[in-house]
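Read the structure below first, then the notes.
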Protein chains: 4
Amino acid sequence: MSASNREPVTSEVEFRVRYAETDQMQVVYHANYLIWCEIGRTDLIRKLGSSYADIEKRGIALAVVDASLRYHSAARYEDTIRVRTVLREARSRSVTFEYTIENADTGARLVTARTTLASIDRDGKLVQMPDDLRKSLEAAIA
Amino acid sequence: MSASNREPVTSEVEFRVRYAETDQMQVVYHANYLIWCEIGRTDLIRKLGSSYADIEKRGIALAVVDASLRYHSAARYEDTIRVRTVLREARSRSVTFEYTIENADTGARLVTARTTLASIDRDGKLVQMPDDLRKSLEAAIA
Amino acid sequence: MSASNREPVTSEVEFRVRYAETDQMQVVYHANYLIWCEIGRTDLIRKLGSSYADIEKRGIALAVVDASLRYHSAARYEDTIRVRTVLREARSRSVTFEYTIENADTGARLVTARTTLASIDRDGKLVQMPDDLRKSLEAAIA
Amino acid sequence: MSASNREPVTSEVEFRVRYAETDQMQVVYHANYLIWCEIGRTDLIRKLGSSYADIEKRGIALAVVDASLRYHSAARYEDTIRVRTVLREARSRSVTFEYTIENADTGARLVTARTTLASIDRDGKLVQMPDDLRKSLEAAIA
């Protein structure tokens with residue numbers, strides 16, 4: 001963990017819609033946006049100088065405890081998607097991210113979402129985050 | 001559509017967790033609960049005397065416009081899951097369902113969720129639901 | 001593990017197609033049939049008196065090392081699917097299953113498939129299966 | 001479609017493993033490799049000067065009729081994956097692709113696979129591919 005300034009850290013990732021992500025309504029199936037949110041927060045955590053894989057190796061998992069999504073318009077196969085992620089809140093045992101998912105070509109807003117994750121140990125018990133992780137999260141709040 | 005009484009219609013469906021639904025945290029990946037909610041509301045609509053496949057054949061789709069989930073405890077591989085679905089609100093162009101997802105063996109509450117769906121036509125434009133569908137939904141409100 | 005006779009053990013499971021399993025071709029996305037095969041072999045292993053979850057608790061995993069699928073016709077949303085699974089071969093370190101996936105209402109054959117799984121330990125190394133598991137598998141060969 | 005030389009066309013795409021793609025064996029769930037193969041062939045078709053989305057708009061779909069996969073070693077969360085795709089055979093109504101899926105950092109071979117796709121019309125009937133598509137496929141054979 002290296003980020004120590006007070007600049008909000010944001011993440012922007014882009015990727016194409018996969019055929020497997022569409023449904024028979026000819027648009028992206030709604031549950032997939034939660035997967036895309038995870039791509040966004042994984043990237044943001046990497047930008048903080050750590051990796052979520054490393055956090056898990058230390059015996060801490062960040063489990064989603066709350067999620068809300070608002071669907072504005074639909075993504076389609078082969079669209080290029082942009083996920084912008086910001087860190088909204090960091091507490092000793094939880095952290096809240098917000099996401100804006102857009103069509104990268106048109107800029108159209110597709111989904112806005114918010115997830116809160118709790119830090120748990122290997123037995124699923126709520127635990128405090130390691131100090132270094134918490135500090136780097138706090139420094140990154142938007 | 002045959003339900004015409006004022007009894008709230010509820011749905012209960014049970015199934016086992018699939019291996020594909022787990023993740024490396026050894027629990028069910030959080031996006032899968034949205035898929036399980038869809039199994040619940042599909043069953044509830046079937047109980048009203050229609051099928052969602054039939055609704056789509058008439059040119060109307062019900063698209064998720066809002067979803068929120070609260071995760072209480074984790075489901076694991078081979079657990080038997082029970083999804084209880086109720087209809088909370090029906091309007092001319094939208095309908096809201098609520099879900100309680102439990103471990104069917106222990107009764108432990110896993111996830112509570114709520115989704116609102118809008119009725120759209122083949123071009124994705126908001127349209128009023130067909131009268132018979134709306135009436136059967138209204139009669140089923142919990 | 002209790003099966004000790006020489007009767008071939010077969011499994012038949014039925015379930016409905018989920019909306020999430022469709023793609024924009026209006027049929028079930030082809031990768032989902034591998035997930036359905038897993039439902040079949042999990043059920044067959046349960047019929048042998050064990051559960052795959054228990055096998056993993058003993059430190060043995062059965063990892064797919066080879067898969068082949070032939071797609072005959074397409075499954076659609078809300079179809080009822082039947083997966084018939086037989087055990088074709090059991091060796092000290094691997095086991096081969098065959099699957100016939102049908103539309104349960106029409107009997108139409110959708111997919112035939114075959115997977116070979118190797119028994120590995122927690123480090124991913126090939127190991128011999130526990131004796132009791134191997135014996136019950138051998139007794140169940142179709 | 002613009003490729004008219006006799007150079008074999010190959011595709012290489014890279015992406016990171018998503019958390020959603022792991023299972024409780026701590027590796028990528030085996031069905032996901034079929035999704036990754038599709039990413040590879042979509043990219044190869046784009047390199048030929050068309051897009052698979054465009055092909056579908058002309059009323060032709062390429063449906064998987066045969067798939068085989070050999071699993072050599074496991075991919076893990078946050079690994080960078082490379083999919084190399086070549087076109088092995090093109091006929092009037094079908095086309096065969098081969099895939100090598102590797103860990104992009106170590107070069108380790110993860111999965112080799114082969115899929116055959118048939119060209120079908122909107123009713124699911126086998127049809128000849130449009131001439132321009134077939135010619136560009138033939139010119140690209142490895």
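In the structure tokens, the first chain shown is A, the next is B, and so on; residue numbers restart at 1 for each chain, and ligands run from 1 in the order shown.
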
Report as an MDAnalysis selection string the set of chain D residues whose atoms approach chain A to within 10 Å, with distances computed over only C-alpha atoms. chainID D and resid 15:21 32 34:36 38:39 42 51:53 76:79

Could you write those residues out with C-alpha atoms, as a short mmCIF file (atom, residue, chain, number, x, y, z; two decimals), in the first residue's frame?
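Saved to selection03.cif:
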```
data_model
loop_
_atom_site.label_atom_id
_atom_site.label_comp_id
_atom_site.auth_asym_id
_atom_site.auth_seq_id
_atom_site.Cartn_x
_atom_site.Cartn_y
_atom_site.Cartn_z
CA PHE D 15 -7.58 -10.12 -20.21
CA ARG D 16 -7.55 -10.75 -16.48
CA VAL D 17 -9.43 -13.50 -14.66
CA ARG D 18 -12.53 -12.14 -12.91
CA TYR D 19 -13.44 -13.13 -9.37
CA ALA D 20 -16.80 -14.34 -10.65
CA GLU D 21 -14.97 -16.87 -12.82
CA ASN D 32 -15.63 -20.38 -18.45
CA LEU D 34 -15.74 -21.85 -23.56
CA ILE D 35 -16.63 -18.21 -22.96
CA TRP D 36 -12.98 -17.26 -23.41
CA GLU D 38 -15.75 -17.07 -27.88
CA ILE D 39 -13.81 -13.92 -27.04
CA THR D 42 -15.01 -12.83 -32.02
CA SER D 51 -17.95 -8.25 -36.74
CA TYR D 52 -20.01 -11.10 -35.44
CA ALA D 53 -22.71 -8.60 -34.41
CA ARG D 76 -6.41 -18.37 -11.00
CA TYR D 77 -7.95 -15.06 -9.96
CA GLU D 78 -6.15 -11.99 -11.34
CA ASP D 79 -3.98 -14.08 -13.68
#
```

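Distances from A:Asp43, A:Glu102, A:Glu56, A:Glu89 to Ala142 in chain A were compared using only C-alpha atoms, and the smallest one belongs to A:Glu89.
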
To test your reading of the structure, identify every residue in range 25-138 of chain D that backbone DSSP assigns to alpha helix (DSSP H), and report it as an MDAnalysis selection string. chainID D and resid 32:47 52:57 131:138

DSSP strand (DSSP E or B) residues within range 41-119 of chain C, listed as an NGL selection string: :C and (61-71 or 80-90 or 94-103 or 109-119)

Which neighbours of Ile60 in chain C fall inside 7 Å, counting only C-alpha atoms, when residues of the same chain fewer than 4 positions from it are skipped, and could you give them as number ranges by chain? C: 55-56, 119-122

One number please: CA of Lys47 in chain D to CA of Val9 in chain D, in Å, one decimal. 7.6 Å

I'd like the neighbourhood of range 127-134 of chain D as number ranges by chain, where a residue qualifies if any of its atoms comes within 12 Å (using only C-alpha atoms), though same-chain residues fewer than 6 positions away should be ignored. D: 1-4, 45-46, 48-52, 54-56, 58-63, 87, 89-95, 117-121, 140-141

Excluding Gln24 in chain C and residues on its chain fewer than 3 positions from it, collect all residues at most 7 Å away from it, counting only C-alpha atoms, and give them as a PyMOL selection string. chain A and resi 22-26

Quick one: residues within 6 Å of Ile101 in chain D, only C-alpha atoms counted, chain neighbours fewer than 6 positions away excluded, as JSON, numbers by chain? {"D": [82, 83, 110, 111]}

Please, what distance in Å, to one decimal, runs between CA of Tyr71 in chain D and CA of Ala31 in chain C?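 These two atoms are separated by 15.2 Å.
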